[in-house]
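Structure file input.csv (CSV, C-alpha atoms) is printed below.
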```
chain,number,residue,atom,x,y,z
A,630,MET,CA,0.0,0.0,0.0
A,631,PRO,CA,1.6,3.3,-1.0
A,632,GLN,CA,2.3,5.9,1.8
A,633,ILE,CA,0.4,9.2,1.6
A,634,PRO,CA,2.6,12.2,2.4
A,635,GLY,CA,1.8,14.1,5.6
A,636,ARG,CA,1.2,17.4,3.7
A,637,LEU,CA,-1.4,15.8,1.5
A,638,ILE,CA,-3.2,14.5,4.5
A,639,ALA,CA,-3.0,17.9,6.1
A,640,CYS,CA,-4.3,19.6,2.9
A,641,LEU,CA,-7.2,17.1,2.7
A,642,ALA,CA,-8.1,17.7,6.4
A,643,LEU,CA,-8.1,21.5,5.7
A,644,ILE,CA,-10.3,21.0,2.7
A,645,ALA,CA,-12.7,18.8,4.7
A,646,ALA,CA,-12.9,21.4,7.5
A,647,LEU,CA,-13.6,24.2,5.0
A,648,LEU,CA,-16.3,22.2,3.3
A,649,ALA,CA,-17.9,21.3,6.7
A,650,GLU,CA,-17.7,24.9,7.9
A,651,PRO,CA,-17.2,27.1,4.8
A,652,HIS,CA,-17.5,30.4,6.8
A,653,VAL,CA,-14.3,29.6,8.6
A,654,GLY,CA,-12.1,29.8,5.5
A,655,ILE,CA,-11.2,32.7,3.2
A,656,SER,CA,-14.1,34.4,1.6
A,657,ALA,CA,-14.7,33.9,-2.1
A,658,SER,CA,-14.8,37.7,-2.5
A,659,SER,CA,-11.8,39.8,-3.3
A,660,GLY,CA,-11.0,40.4,0.4
A,661,ALA,CA,-11.2,38.3,3.6
A,662,ASN,CA,-14.5,38.3,5.4
A,663,GLU,CA,-14.5,40.6,8.4
A,664,GLU,CA,-16.6,38.2,10.4
A,665,ASP,CA,-14.2,35.2,9.7
A,666,PRO,CA,-13.5,33.8,13.2
A,667,LEU,CA,-10.2,32.2,12.0
A,668,ALA,CA,-8.9,35.5,10.5
A,669,GLU,CA,-10.0,37.5,13.6
A,670,CYS,CA,-8.5,35.0,16.0
A,671,ALA,CA,-5.2,35.1,14.0
A,672,LYS,CA,-5.1,38.8,14.4
A,673,LYS,CA,-5.8,38.6,18.1
A,674,MET,CA,-3.1,35.9,18.5
A,675,GLU,CA,-0.5,38.1,17.0
A,676,LYS,CA,-1.2,40.6,19.8
A,677,MET,CA,-1.6,38.1,22.6
A,678,PHE,CA,1.4,36.0,21.7
A,679,SER,CA,4.2,38.1,20.3
A,680,THR,CA,7.6,36.6,19.7
A,681,VAL,CA,10.1,36.6,22.5
A,682,SER,CA,13.3,38.4,21.7
A,683,ILE,CA,16.5,36.7,22.9
A,684,PRO,CA,19.8,38.5,22.5
A,685,VAL,CA,22.7,36.4,21.2
A,686,GLN,CA,24.6,37.2,24.4
A,687,GLU,CA,22.1,35.0,26.2
A,688,LEU,CA,22.8,32.0,23.9
A,689,ALA,CA,25.4,29.4,24.9
A,690,LEU,CA,27.0,29.3,21.4
A,691,ASP,CA,29.8,27.1,22.7
A,692,ARG,CA,27.2,24.3,23.4
A,693,LEU,CA,25.2,24.4,20.2
A,694,LYS,CA,24.4,21.2,18.4
A,695,VAL,CA,23.3,20.4,14.8
A,696,ARG,CA,21.2,17.3,14.2
A,697,LEU,CA,19.5,16.0,11.1
A,698,VAL,CA,15.8,15.4,11.5
A,699,GLN,CA,13.5,14.5,8.6
A,700,GLN,CA,15.9,16.0,6.0
A,701,GLN,CA,16.3,19.2,8.0
A,702,TYR,CA,19.4,20.4,9.8
A,703,ILE,CA,18.3,21.6,13.2
A,704,VAL,CA,20.6,24.0,15.0
A,705,ALA,CA,19.8,23.8,18.7
A,706,ILE,CA,21.3,26.4,21.0
A,707,PRO,CA,20.8,26.3,24.8
A,708,LEU,CA,20.4,29.5,26.8
A,709,LYS,CA,23.1,30.4,29.3
A,710,ALA,CA,20.3,30.8,31.9
A,711,PRO,CA,16.6,29.8,31.4
A,712,ARG,CA,14.3,32.6,30.5
A,713,GLY,CA,11.0,31.7,32.0
A,714,GLU,CA,10.2,28.3,30.5
A,715,ILE,CA,12.5,28.7,27.5
A,716,ARG,CA,15.6,26.6,27.9
A,717,SER,CA,16.9,26.6,24.3
A,718,VAL,CA,16.2,27.9,20.8
A,719,GLN,CA,16.3,25.9,17.6
A,720,TRP,CA,16.4,26.9,13.9
A,721,ALA,CA,15.9,24.5,10.9
A,722,ALA,CA,17.6,24.7,7.6
A,723,LYS,CA,17.2,22.4,4.6
A,724,GLU,CA,20.8,22.6,3.5
A,725,PRO,CA,23.9,22.1,5.8
A,726,ALA,CA,25.6,25.2,4.3
A,727,VAL,CA,22.6,27.3,5.4
A,728,ALA,CA,22.8,25.9,8.9
A,729,LEU,CA,26.5,26.7,9.0
A,730,GLU,CA,25.9,30.2,7.7
A,731,PHE,CA,23.4,30.8,10.5
A,732,ILE,CA,25.9,29.7,13.1
A,733,ARG,CA,28.6,31.9,11.5
A,734,LEU,CA,26.3,34.9,11.5
A,735,LEU,CA,25.5,34.3,15.2
A,736,ARG,CA,29.2,33.9,16.2
A,737,THR,CA,30.4,36.9,14.3
A,738,GLY,CA,27.7,39.2,15.8
A,739,LYS,CA,25.9,39.8,12.5
A,740,ILE,CA,22.7,38.6,14.1
A,741,GLY,CA,22.1,40.5,17.3
A,742,ALA,CA,19.1,38.6,18.6
A,743,VAL,CA,16.5,36.0,17.6
A,744,GLY,CA,12.7,36.2,18.0
A,745,VAL,CA,11.1,32.9,19.1
A,746,TRP,CA,7.5,31.8,19.1
A,747,PRO,CA,6.3,30.9,22.6
A,748,PHE,CA,4.4,27.8,21.4
A,749,LEU,CA,5.3,24.2,21.6
A,750,HIS,CA,3.6,23.6,18.3
A,751,ASN,CA,3.2,25.8,15.2
A,752,PRO,CA,-0.4,27.1,15.3
A,753,GLY,CA,-0.9,26.8,11.6
A,754,GLU,CA,0.4,23.3,11.4
A,755,ILE,CA,-1.5,22.1,14.5
A,756,TYR,CA,-4.8,23.6,13.2
A,757,ILE,CA,-4.4,21.8,9.9
A,758,SER,CA,-2.9,18.5,10.9
A,759,ARG,CA,-4.3,17.9,14.4
A,760,GLY,CA,-7.5,19.9,14.1
A,761,VAL,CA,-7.5,22.4,17.0
A,762,PRO,CA,-11.1,22.4,18.1
A,763,LEU,CA,-13.0,25.0,16.2
A,764,GLU,CA,-14.6,26.1,19.5
A,765,ALA,CA,-11.1,27.2,20.8
A,766,ILE,CA,-10.7,29.4,17.7
A,767,LYS,CA,-14.2,30.8,17.8
A,768,ARG,CA,-13.8,31.7,21.5
A,769,CYS,CA,-10.2,32.9,20.9
A,770,GLN,CA,-9.3,33.1,24.5
A,771,LYS,CA,-5.6,33.3,25.5
A,772,GLU,CA,-5.8,30.4,28.0
A,773,GLN,CA,-7.6,28.0,25.6
A,774,LEU,CA,-5.2,28.8,22.8
A,775,GLN,CA,-2.1,28.4,25.0
A,776,GLU,CA,-3.5,25.0,26.1
A,777,ALA,CA,-4.1,23.9,22.5
A,778,PHE,CA,-0.7,25.1,21.3
A,779,GLY,CA,1.4,24.4,24.4
A,780,LYS,CA,4.3,26.2,25.8
A,781,CYS,CA,7.8,25.5,24.5
A,782,THR,CA,11.0,24.9,26.3
A,783,ASP,CA,12.9,24.4,23.1
A,784,CYS,CA,11.5,27.3,21.0
A,785,ASP,CA,11.6,27.7,17.3
A,786,VAL,CA,13.3,30.8,15.9
A,787,ALA,CA,10.7,32.9,14.0
A,788,GLU,CA,13.0,35.8,13.0
A,789,TRP,CA,16.5,37.1,13.1
A,790,LEU,CA,16.7,40.5,14.8
A,791,ASN,CA,19.3,43.3,14.7
A,792,VAL,CA,20.9,41.9,11.6
A,793,LYS,CA,24.0,43.8,10.5
A,794,PRO,CA,25.5,43.8,6.9
```
Rewritten as structure tokens:
Amino acid sequence: MPQIPGRLIACLALIAALLAEPHVGISASSGANEEDPLAECAKKMEKMFSTVSIPVQELALDRLKVRLVQQQYIVAIPLKAPRGEIRSVQWAAKEPAVALEFIRLLRTGKIGAVGVWPFLHNPGEIYISRGVPLEAIKRCQKEQLQEAFGKCTDCDVAEWLNVKP
């Protein structure tokens, strides 16, 4: 029996969800529907859960590790001292040269800080693949969303900050 790629399953799940509740998806008109609970909740989430900025000086660059996971090179860097629940940050690259370039930019001070998402799971991926309950999105309350997406200890880098040429 042939294996079905995970992205295809996630796409099919999203299509099924949109067919079951068409008002949750993007409007067929030229713009997004103002009443769309998913779009409204996404806007609120950006305000409720901003990225956490971690200066490079707080990263233990001497203890970083690179591992290969599902054809991605994961650069994992522990913090010198925990920041709340955050113990380390991680960044994924598809090519080893890109992972090494990221490390070089950190070590030479070309990247001044990294912004990390405070979630254990990527909200977009978890909504599509695991089906975050629609009720949590309709209510869009911070506590319910935090419970659904979890808190990370090894947080994913969302952006590079204070980048120098």
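Ranking A:Ala721, A:Val743, A:Leu774, A:Cys784 by their shortest atom-to-atom distance to Val685 of chain A, with only C-alpha atoms included, puts A:Val743 first.
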Would you mind listing what lies within 10 Å of Leu790 of chain A as a VMD selection string, with all atoms listed in the file counted and same-chain residues fewer than 6 positions away left out?
chain A and resid 682 to 685 739 to 744
A:Arg716, A:Lys676, A:Arg736, A:Lys723: which is nearest Val698 of chain A, counting only C-alpha atoms?
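Between A:Arg716, A:Lys676, A:Arg736, A:Lys723, the residue approaching Val698 of chain A most closely is A:Lys723.
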Please, what distance in Å, to one decimal, runs between atom CA of Leu708 of chain A and atom CA of Arg696 of chain A?
17.6 Å
Students should find that atom CA of Arg692 of chain A and atom CA of Gly779 of chain A are spaced 25.8 Å
